[in-house]
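Following: one structure in structure tokens, then a few remarks.
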Amino acid sequence: METISALTNWRLTVRREESGVTILRAVTCDKRAVLPEEIFGLPVTALHNRALAFGAVPVEGEEVRTLGGAENEEWDNRNITELTLPQSLREIGDYCFMNLRSMETLRFYDTLRTTGSASFMNCRSFTRVELTRPGAEQGPALASIVRSLQQELDVTIRRPDGDTLRLLFPEYVESFTENRPAHYFQLWISGKAYTYHNIFRDKALFVSDYDALWQDYLAAEHDEDSALRLAYCRLRYPAELSDGARAQYTAYLRERIGKALSFAMGEKDMRGFKMLLDLGTPDAQTLETALNEARDLRLTEATAMLLERRRGAPGAGRMRKFEL
């Protein structure tokens, strides 16, 4: 068995090919796991069917061990919370990450060309995607992932021009009912969130199409907390945001400024927190509630900003009575 140094610990079964290395099976003991960019001096270009899936049967191939620091005792991919894929990767096989129950975040590059069927089956904690786009061309992987999942996805896209997009794809509910006499199934989809997951044109994302869904989403049954997060993310990372869309998201957050401030504090995002305060000074009660939360969370910067705003808030300068 060959041993190589890497960022994290892996036990790998691989196959060498002309264009690079295919990982047939991979298991780690690390919660934050990073797959290697190269093995044997060749780029890692593919993950085979069920490569990281829990419960996958062993396969024949070359055995490789990577060393990336102290090892935990439990080698179980179900403990992975964050997974980073290499930039060299071009293909993900069927059921590749099946049953990774703890995986919350997947990081990959837009150079990924193919994602297999049911790659994220039973990945119930998977809610965050971080995509790096090295060039101007959009790859098809993001569309394939977002379309294949019903849960809310928080997607960050880092673009080559230095801009960052953060887009929320709200959760939708899909259910089947059986018509027994006729022996056929009917598919029911609840809410307009489904349209966000299917906004892609030829597997490319157009931000103007995404923003155009907002009013229809609000008009239908929807989760208000998801809507608040969606509006916050678009204002916080406003790449390609039109004046009309900005006004709509701004109006929504102003009406819910207390909840929005609480969300920003939960994210520990002080730039976003200041952005919300700049939308307009909240009333005295909202400021007081936010101030108590900031103190409880020990967010000194947020506390300072709220104290400054409270000095000029309506109703803040209450009369004090002193008796001698």
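Ordering of the structure tokens sets the chain letters (A, B, ...), residue numbers begin anew at 1 in every chain, and ligands are numbered from 1 in the order given.
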Run DSSP on the backbone of this structure and report the residues of region 137-293 of chain A it assigns to alpha helix (DSSP H), as a CSV table (one decimal) with C-alpha atoms, in the first residue's frame.
```csv
chain,number,residue,atom,x,y,z
A,141,ALA,CA,-23.0,20.3,-12.1
A,142,LEU,CA,-24.7,23.0,-10.1
A,143,ALA,CA,-27.9,22.6,-12.1
A,144,SER,CA,-27.8,18.8,-11.7
A,145,ILE,CA,-27.4,19.0,-8.0
A,146,VAL,CA,-30.0,21.7,-7.3
A,147,ARG,CA,-32.6,20.0,-9.6
A,148,SER,CA,-32.1,16.6,-7.9
A,193,ALA,CA,-40.2,26.8,-4.4
A,194,TYR,CA,-40.1,24.0,-7.0
A,195,THR,CA,-39.5,26.7,-9.7
A,196,TYR,CA,-36.3,27.9,-8.0
A,197,HIS,CA,-34.8,24.4,-8.2
A,207,VAL,CA,-29.6,35.6,-12.0
A,208,SER,CA,-32.3,37.7,-13.6
A,209,ASP,CA,-34.4,34.6,-14.0
A,210,TYR,CA,-33.9,33.8,-10.3
A,211,ASP,CA,-34.9,37.3,-9.2
A,212,ALA,CA,-38.0,37.3,-11.4
A,214,TRP,CA,-39.7,36.5,-6.2
A,215,GLN,CA,-43.2,37.9,-6.4
A,216,ASP,CA,-44.8,34.6,-7.5
A,217,TYR,CA,-43.0,32.9,-4.7
A,218,LEU,CA,-44.5,35.3,-2.1
A,219,ALA,CA,-47.9,35.1,-3.7
A,224,GLU,CA,-41.5,33.1,5.6
A,225,ASP,CA,-38.2,32.3,7.3
A,226,SER,CA,-36.9,30.9,4.0
A,227,ALA,CA,-38.1,34.0,2.2
A,228,LEU,CA,-36.3,36.2,4.7
A,229,ARG,CA,-33.1,34.3,4.2
A,230,LEU,CA,-33.4,34.5,0.4
A,231,ALA,CA,-34.0,38.2,0.4
A,232,TYR,CA,-31.1,38.7,2.9
A,233,CYS,CA,-28.7,36.7,0.7
A,234,ARG,CA,-29.5,38.6,-2.4
A,235,LEU,CA,-29.0,42.0,-0.8
A,236,ARG,CA,-25.9,40.9,1.0
A,243,ASP,CA,-32.8,48.2,-9.1
A,244,GLY,CA,-36.3,46.8,-9.3
A,245,ALA,CA,-35.3,43.5,-7.6
A,246,ARG,CA,-33.3,45.4,-5.0
A,247,ALA,CA,-36.3,47.5,-4.1
A,248,GLN,CA,-38.5,44.4,-3.7
A,249,TYR,CA,-36.1,42.6,-1.4
A,250,THR,CA,-35.4,45.8,0.6
A,251,ALA,CA,-39.1,46.3,1.2
A,252,TYR,CA,-39.5,42.8,2.4
A,253,LEU,CA,-36.7,43.0,4.9
A,254,ARG,CA,-37.7,46.4,6.2
A,255,GLU,CA,-41.1,44.9,7.2
A,257,ILE,CA,-36.2,44.0,10.3
A,258,GLY,CA,-36.1,42.4,13.7
A,259,LYS,CA,-36.0,38.9,12.4
A,260,ALA,CA,-33.5,39.9,9.8
A,261,LEU,CA,-31.2,41.4,12.4
A,262,SER,CA,-31.5,38.2,14.4
A,263,PHE,CA,-30.5,36.1,11.3
A,264,ALA,CA,-27.5,38.3,10.6
A,265,MET,CA,-26.3,37.9,14.3
A,266,GLY,CA,-26.8,34.1,14.1
A,267,GLU,CA,-24.5,34.2,11.0
A,270,MET,CA,-21.4,42.1,10.8
A,271,ARG,CA,-21.3,43.5,7.3
A,272,GLY,CA,-24.7,42.1,6.7
A,273,PHE,CA,-25.9,43.4,10.1
A,274,LYS,CA,-24.8,47.0,9.2
A,275,MET,CA,-26.4,46.6,5.8
A,276,LEU,CA,-29.7,45.9,7.5
A,277,LEU,CA,-29.4,48.9,9.9
A,278,ASP,CA,-28.7,51.1,6.9
A,284,ALA,CA,-37.0,51.5,19.8
A,285,GLN,CA,-38.5,48.1,20.8
A,286,THR,CA,-36.9,46.3,17.9
A,287,LEU,CA,-33.5,47.9,18.7
A,288,GLU,CA,-33.9,46.9,22.4
A,289,THR,CA,-34.7,43.3,21.5
A,290,ALA,CA,-31.8,43.1,19.1
A,291,LEU,CA,-29.5,44.7,21.7
A,292,ASN,CA,-30.3,42.1,24.2
A,293,GLU,CA,-29.7,39.3,21.7
```
Pick out the residues sitting within 9 Å of Glu62 (chain A), and hand them over as a PDB file with C-alpha atoms, in the first residue's frame; count only C-alpha atoms, and ignore anything fewer than 6 positions along from it in its own chain.
```pdb
ATOM      1  CA  MET A   1       0.000   0.000   0.000  1.00  0.00           C
ATOM      2  CA  GLU A   2       1.371   3.399  -0.998  1.00  0.00           C
ATOM      3  CA  LEU A  12      -8.479   4.803  -0.943  1.00  0.00           C
ATOM      4  CA  THR A  13      -8.960   2.153  -3.583  1.00  0.00           C
ATOM      5  CA  VAL A  14      -8.060   3.611  -6.978  1.00  0.00           C
ATOM      6  CA  ARG A  15      -7.579   2.788 -10.641  1.00  0.00           C
ATOM      7  CA  ARG A  16      -4.987   4.438 -12.877  1.00  0.00           C
TER       8      ARG A  16
END
```
CA of Asn77 (chain A) and CA of Arg90 (chain A), how far apart in Å?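 Separation of CA of Arg90 (chain A) and CA of Asn77 (chain A): 21.5 Å.
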At a cut-off of 8 Å, using only C-alpha atoms, what residues contact Pro160 (chain A)? Leave out same-chain residues fewer than 4 positions from it and give the result as a ChimeraX atom specification. /A:133-136
DSSP-assigned strand (DSSP E) members of region 159-302 of chain A, reported as a PDB file with all heavy atoms, in the first residue's frame:
```pdb
ATOM      1  N   THR A 164     -19.077  37.569  -5.466  1.00  0.00           N
ATOM      2  CA  THR A 164     -19.646  36.375  -4.841  1.00  0.00           C
ATOM      3  C   THR A 164     -21.160  36.458  -4.920  1.00  0.00           C
ATOM      4  O   THR A 164     -21.750  37.498  -4.643  1.00  0.00           O
ATOM      5  CB  THR A 164     -19.210  36.271  -3.363  1.00  0.00           C
ATOM      6  OG1 THR A 164     -17.792  36.109  -3.304  1.00  0.00           O
ATOM      7  CG2 THR A 164     -19.871  35.071  -2.692  1.00  0.00           C
ATOM      8  N   LEU A 165     -21.765  35.371  -5.319  1.00  0.00           N
ATOM      9  CA  LEU A 165     -23.217  35.218  -5.308  1.00  0.00           C
ATOM     10  C   LEU A 165     -23.593  34.281  -4.185  1.00  0.00           C
ATOM     11  O   LEU A 165     -22.919  33.262  -3.958  1.00  0.00           O
ATOM     12  CB  LEU A 165     -23.711  34.612  -6.626  1.00  0.00           C
ATOM     13  CG  LEU A 165     -24.076  35.540  -7.771  1.00  0.00           C
ATOM     14  CD1 LEU A 165     -24.310  34.704  -9.032  1.00  0.00           C
ATOM     15  CD2 LEU A 165     -25.307  36.363  -7.459  1.00  0.00           C
ATOM     16  N   ARG A 166     -24.667  34.604  -3.469  1.00  0.00           N
ATOM     17  CA  ARG A 166     -25.206  33.664  -2.499  1.00  0.00           C
ATOM     18  C   ARG A 166     -26.708  33.584  -2.740  1.00  0.00           C
ATOM     19  O   ARG A 166     -27.432  34.563  -2.567  1.00  0.00           O
ATOM     20  CB  ARG A 166     -24.913  34.103  -1.060  1.00  0.00           C
ATOM     21  CG  ARG A 166     -25.343  33.061  -0.033  1.00  0.00           C
ATOM     22  CD  ARG A 166     -24.984  33.492   1.373  1.00  0.00           C
ATOM     23  NE  ARG A 166     -25.547  32.583   2.361  1.00  0.00           N
ATOM     24  CZ  ARG A 166     -25.559  32.821   3.665  1.00  0.00           C
ATOM     25  NH1 ARG A 166     -25.035  33.933   4.151  1.00  0.00           N
ATOM     26  NH2 ARG A 166     -26.097  31.957   4.503  1.00  0.00           N
ATOM     27  N   LEU A 167     -27.141  32.426  -3.179  1.00  0.00           N
ATOM     28  CA  LEU A 167     -28.527  32.230  -3.585  1.00  0.00           C
ATOM     29  C   LEU A 167     -29.153  31.114  -2.763  1.00  0.00           C
ATOM     30  O   LEU A 167     -28.541  30.056  -2.566  1.00  0.00           O
ATOM     31  CB  LEU A 167     -28.608  31.864  -5.073  1.00  0.00           C
ATOM     32  CG  LEU A 167     -27.952  32.839  -6.056  1.00  0.00           C
ATOM     33  CD1 LEU A 167     -28.000  32.273  -7.466  1.00  0.00           C
ATOM     34  CD2 LEU A 167     -28.619  34.204  -5.994  1.00  0.00           C
ATOM     35  N   LEU A 168     -30.359  31.360  -2.309  1.00  0.00           N
ATOM     36  CA  LEU A 168     -31.089  30.352  -1.543  1.00  0.00           C
ATOM     37  C   LEU A 168     -32.124  29.698  -2.458  1.00  0.00           C
ATOM     38  O   LEU A 168     -32.891  30.390  -3.130  1.00  0.00           O
ATOM     39  CB  LEU A 168     -31.791  30.990  -0.354  1.00  0.00           C
ATOM     40  CG  LEU A 168     -32.256  29.990   0.703  1.00  0.00           C
ATOM     41  CD1 LEU A 168     -31.124  29.703   1.671  1.00  0.00           C
ATOM     42  CD2 LEU A 168     -33.459  30.513   1.462  1.00  0.00           C
ATOM     43  N   PHE A 169     -32.141  28.375  -2.464  1.00  0.00           N
ATOM     44  CA  PHE A 169     -33.147  27.612  -3.199  1.00  0.00           C
ATOM     45  C   PHE A 169     -34.058  26.966  -2.161  1.00  0.00           C
ATOM     46  O   PHE A 169     -33.682  25.989  -1.508  1.00  0.00           O
ATOM     47  CB  PHE A 169     -32.470  26.558  -4.080  1.00  0.00           C
ATOM     48  CG  PHE A 169     -31.634  27.153  -5.184  1.00  0.00           C
ATOM     49  CD1 PHE A 169     -30.329  27.569  -4.935  1.00  0.00           C
ATOM     50  CD2 PHE A 169     -32.157  27.338  -6.449  1.00  0.00           C
ATOM     51  CE1 PHE A 169     -29.559  28.145  -5.938  1.00  0.00           C
ATOM     52  CE2 PHE A 169     -31.395  27.911  -7.460  1.00  0.00           C
ATOM     53  CZ  PHE A 169     -30.091  28.314  -7.208  1.00  0.00           C
ATOM     54  N   VAL A 173     -42.075  20.468  -1.307  1.00  0.00           N
ATOM     55  CA  VAL A 173     -42.580  19.146  -0.920  1.00  0.00           C
ATOM     56  C   VAL A 173     -43.121  18.437  -2.148  1.00  0.00           C
ATOM     57  O   VAL A 173     -43.924  19.000  -2.907  1.00  0.00           O
ATOM     58  CB  VAL A 173     -43.679  19.259   0.159  1.00  0.00           C
ATOM     59  CG1 VAL A 173     -44.227  17.876   0.508  1.00  0.00           C
ATOM     60  CG2 VAL A 173     -43.118  19.937   1.402  1.00  0.00           C
ATOM     61  N   GLU A 174     -42.683  17.223  -2.328  1.00  0.00           N
ATOM     62  CA  GLU A 174     -43.121  16.396  -3.448  1.00  0.00           C
ATOM     63  C   GLU A 174     -43.706  15.100  -2.889  1.00  0.00           C
ATOM     64  O   GLU A 174     -43.079  14.452  -2.054  1.00  0.00           O
ATOM     65  CB  GLU A 174     -41.913  16.098  -4.338  1.00  0.00           C
ATOM     66  CG  GLU A 174     -42.226  15.458  -5.660  1.00  0.00           C
ATOM     67  CD  GLU A 174     -40.961  15.285  -6.495  1.00  0.00           C
ATOM     68  OE1 GLU A 174     -40.234  14.294  -6.274  1.00  0.00           O
ATOM     69  OE2 GLU A 174     -40.689  16.141  -7.344  1.00  0.00           O
ATOM     70  N   SER A 175     -44.903  14.749  -3.306  1.00  0.00           N
ATOM     71  CA  SER A 175     -45.537  13.540  -2.784  1.00  0.00           C
ATOM     72  C   SER A 175     -46.255  12.793  -3.902  1.00  0.00           C
ATOM     73  O   SER A 175     -46.666  13.380  -4.911  1.00  0.00           O
ATOM     74  CB  SER A 175     -46.526  13.896  -1.668  1.00  0.00           C
ATOM     75  OG  SER A 175     -47.528  14.769  -2.156  1.00  0.00           O
ATOM     76  N   PHE A 176     -46.399  11.482  -3.700  1.00  0.00           N
ATOM     77  CA  PHE A 176     -47.079  10.628  -4.664  1.00  0.00           C
ATOM     78  C   PHE A 176     -48.329  10.041  -4.020  1.00  0.00           C
ATOM     79  O   PHE A 176     -48.319   9.682  -2.842  1.00  0.00           O
ATOM     80  CB  PHE A 176     -46.172   9.475  -5.117  1.00  0.00           C
ATOM     81  CG  PHE A 176     -45.018   9.899  -5.969  1.00  0.00           C
ATOM     82  CD1 PHE A 176     -43.811  10.284  -5.399  1.00  0.00           C
ATOM     83  CD2 PHE A 176     -45.123   9.906  -7.346  1.00  0.00           C
ATOM     84  CE1 PHE A 176     -42.738  10.663  -6.184  1.00  0.00           C
ATOM     85  CE2 PHE A 176     -44.061  10.290  -8.145  1.00  0.00           C
ATOM     86  CZ  PHE A 176     -42.870  10.667  -7.564  1.00  0.00           C
ATOM     87  N   THR A 177     -49.388   9.960  -4.778  1.00  0.00           N
ATOM     88  CA  THR A 177     -50.588   9.245  -4.342  1.00  0.00           C
ATOM     89  C   THR A 177     -50.943   8.208  -5.401  1.00  0.00           C
ATOM     90  O   THR A 177     -50.782   8.446  -6.606  1.00  0.00           O
ATOM     91  CB  THR A 177     -51.774  10.204  -4.134  1.00  0.00           C
ATOM     92  OG1 THR A 177     -52.045  10.898  -5.357  1.00  0.00           O
ATOM     93  CG2 THR A 177     -51.472  11.216  -3.037  1.00  0.00           C
ATOM     94  N   GLU A 178     -51.429   7.071  -4.942  1.00  0.00           N
ATOM     95  CA  GLU A 178     -51.756   5.976  -5.865  1.00  0.00           C
ATOM     96  C   GLU A 178     -53.259   5.909  -6.110  1.00  0.00           C
ATOM     97  O   GLU A 178     -54.055   5.910  -5.171  1.00  0.00           O
ATOM     98  CB  GLU A 178     -51.273   4.639  -5.296  1.00  0.00           C
ATOM     99  CG  GLU A 178     -51.530   3.473  -6.243  1.00  0.00           C
ATOM    100  CD  GLU A 178     -51.102   2.143  -5.650  1.00  0.00           C
ATOM    101  OE1 GLU A 178     -50.646   2.136  -4.482  1.00  0.00           O
ATOM    102  OE2 GLU A 178     -51.222   1.122  -6.341  1.00  0.00           O
ATOM    103  N   ASN A 179     -53.615   5.873  -7.356  1.00  0.00           N
ATOM    104  CA  ASN A 179     -54.999   5.609  -7.754  1.00  0.00           C
ATOM    105  C   ASN A 179     -55.124   4.102  -7.939  1.00  0.00           C
ATOM    106  O   ASN A 179     -54.730   3.535  -8.958  1.00  0.00           O
ATOM    107  CB  ASN A 179     -55.328   6.352  -9.057  1.00  0.00           C
ATOM    108  CG  ASN A 179     -56.788   6.224  -9.428  1.00  0.00           C
ATOM    109  OD1 ASN A 179     -57.400   5.173  -9.259  1.00  0.00           O
ATOM    110  ND2 ASN A 179     -57.343   7.308  -9.950  1.00  0.00           N
ATOM    111  N   TYR A 184     -52.254   3.766 -11.168  1.00  0.00           N
ATOM    112  CA  TYR A 184     -51.270   4.756 -11.586  1.00  0.00           C
ATOM    113  C   TYR A 184     -51.043   5.731 -10.435  1.00  0.00           C
ATOM    114  O   TYR A 184     -51.850   5.834  -9.516  1.00  0.00           O
ATOM    115  CB  TYR A 184     -51.683   5.491 -12.865  1.00  0.00           C
ATOM    116  CG  TYR A 184     -52.882   6.393 -12.728  1.00  0.00           C
ATOM    117  CD1 TYR A 184     -52.765   7.699 -12.241  1.00  0.00           C
ATOM    118  CD2 TYR A 184     -54.158   5.943 -13.110  1.00  0.00           C
ATOM    119  CE1 TYR A 184     -53.859   8.539 -12.132  1.00  0.00           C
ATOM    120  CE2 TYR A 184     -55.260   6.776 -12.988  1.00  0.00           C
ATOM    121  CZ  TYR A 184     -55.109   8.065 -12.510  1.00  0.00           C
ATOM    122  OH  TYR A 184     -56.203   8.880 -12.390  1.00  0.00           O
ATOM    123  N   PHE A 185     -49.912   6.435 -10.486  1.00  0.00           N
ATOM    124  CA  PHE A 185     -49.523   7.347  -9.423  1.00  0.00           C
ATOM    125  C   PHE A 185     -49.680   8.793  -9.889  1.00  0.00           C
ATOM    126  O   PHE A 185     -49.468   9.105 -11.064  1.00  0.00           O
ATOM    127  CB  PHE A 185     -48.063   7.112  -9.005  1.00  0.00           C
ATOM    128  CG  PHE A 185     -47.851   5.814  -8.284  1.00  0.00           C
ATOM    129  CD1 PHE A 185     -47.562   4.656  -8.992  1.00  0.00           C
ATOM    130  CD2 PHE A 185     -47.948   5.754  -6.909  1.00  0.00           C
ATOM    131  CE1 PHE A 185     -47.355   3.460  -8.329  1.00  0.00           C
ATOM    132  CE2 PHE A 185     -47.754   4.560  -6.239  1.00  0.00           C
ATOM    133  CZ  PHE A 185     -47.454   3.416  -6.946  1.00  0.00           C
ATOM    134  N   GLN A 186     -50.058   9.648  -8.952  1.00  0.00           N
ATOM    135  CA  GLN A 186     -50.119  11.076  -9.211  1.00  0.00           C
ATOM    136  C   GLN A 186     -49.061  11.783  -8.375  1.00  0.00           C
ATOM    137  O   GLN A 186     -48.877  11.481  -7.197  1.00  0.00           O
ATOM    138  CB  GLN A 186     -51.505  11.630  -8.854  1.00  0.00           C
ATOM    139  CG  GLN A 186     -52.613  11.142  -9.776  1.00  0.00           C
ATOM    140  CD  GLN A 186     -53.963  11.693  -9.356  1.00  0.00           C
ATOM    141  OE1 GLN A 186     -54.368  11.542  -8.202  1.00  0.00           O
ATOM    142  NE2 GLN A 186     -54.669  12.324 -10.286  1.00  0.00           N
ATOM    143  N   LEU A 187     -48.373  12.725  -9.003  1.00  0.00           N
ATOM    144  CA  LEU A 187     -47.331  13.490  -8.333  1.00  0.00           C
ATOM    145  C   LEU A 187     -47.891  14.851  -7.934  1.00  0.00           C
ATOM    146  O   LEU A 187     -48.491  15.549  -8.748  1.00  0.00           O
ATOM    147  CB  LEU A 187     -46.132  13.679  -9.268  1.00  0.00           C
ATOM    148  CG  LEU A 187     -45.028  14.637  -8.799  1.00  0.00           C
ATOM    149  CD1 LEU A 187     -44.364  14.116  -7.537  1.00  0.00           C
ATOM    150  CD2 LEU A 187     -44.003  14.845  -9.905  1.00  0.00           C
ATOM    151  N   TRP A 188     -47.697  15.209  -6.657  1.00  0.00           N
ATOM    152  CA  TRP A 188     -48.153  16.496  -6.145  1.00  0.00           C
ATOM    153  C   TRP A 188     -46.943  17.287  -5.665  1.00  0.00           C
ATOM    154  O   TRP A 188     -46.108  16.786  -4.909  1.00  0.00           O
ATOM    155  CB  TRP A 188     -49.138  16.309  -4.993  1.00  0.00           C
ATOM    156  CG  TRP A 188     -50.358  15.535  -5.371  1.00  0.00           C
ATOM    157  CD1 TRP A 188     -50.541  14.193  -5.281  1.00  0.00           C
ATOM    158  CD2 TRP A 188     -51.564  16.069  -5.930  1.00  0.00           C
ATOM    159  NE1 TRP A 188     -51.780  13.838  -5.737  1.00  0.00           N
ATOM    160  CE2 TRP A 188     -52.445  14.968  -6.140  1.00  0.00           C
ATOM    161  CE3 TRP A 188     -51.992  17.340  -6.263  1.00  0.00           C
ATOM    162  CZ2 TRP A 188     -53.712  15.124  -6.674  1.00  0.00           C
ATOM    163  CZ3 TRP A 188     -53.262  17.506  -6.795  1.00  0.00           C
ATOM    164  CH2 TRP A 188     -54.111  16.406  -6.994  1.00  0.00           C
ATOM    165  N   ILE A 189     -46.864  18.550  -6.101  1.00  0.00           N
ATOM    166  CA  ILE A 189     -45.788  19.437  -5.688  1.00  0.00           C
ATOM    167  C   ILE A 189     -46.413  20.643  -5.016  1.00  0.00           C
ATOM    168  O   ILE A 189     -47.288  21.295  -5.586  1.00  0.00           O
ATOM    169  CB  ILE A 189     -44.930  19.881  -6.887  1.00  0.00           C
ATOM    170  CG1 ILE A 189     -44.252  18.665  -7.519  1.00  0.00           C
ATOM    171  CG2 ILE A 189     -43.880  20.906  -6.450  1.00  0.00           C
ATOM    172  CD1 ILE A 189     -43.522  18.973  -8.803  1.00  0.00           C
ATOM    173  N   SER A 190     -45.963  20.927  -3.776  1.00  0.00           N
ATOM    174  CA  SER A 190     -46.542  22.016  -2.986  1.00  0.00           C
ATOM    175  C   SER A 190     -45.652  23.246  -3.050  1.00  0.00           C
ATOM    176  O   SER A 190     -44.440  23.163  -2.809  1.00  0.00           O
ATOM    177  CB  SER A 190     -46.714  21.588  -1.524  1.00  0.00           C
ATOM    178  OG  SER A 190     -47.562  20.467  -1.443  1.00  0.00           O
TER     179      SER A 190
END
```
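Checking A:Thr84, A:Asn79, A:Ser242, A:Asn99 one by one against Gly55 (chain A), counting only C-alpha atoms, you find the shortest gap at A:Asn99.
Pairwise distance (CA of Arg11 (chain A), CA of Arg65 (chain A)) equals 4.8 Å.
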Using only C-alpha atoms, the residue out of A:Leu100, A:Leu7, A:Leu241, A:Leu24 with shortest distance to Asp76 (chain A) is A:Leu100
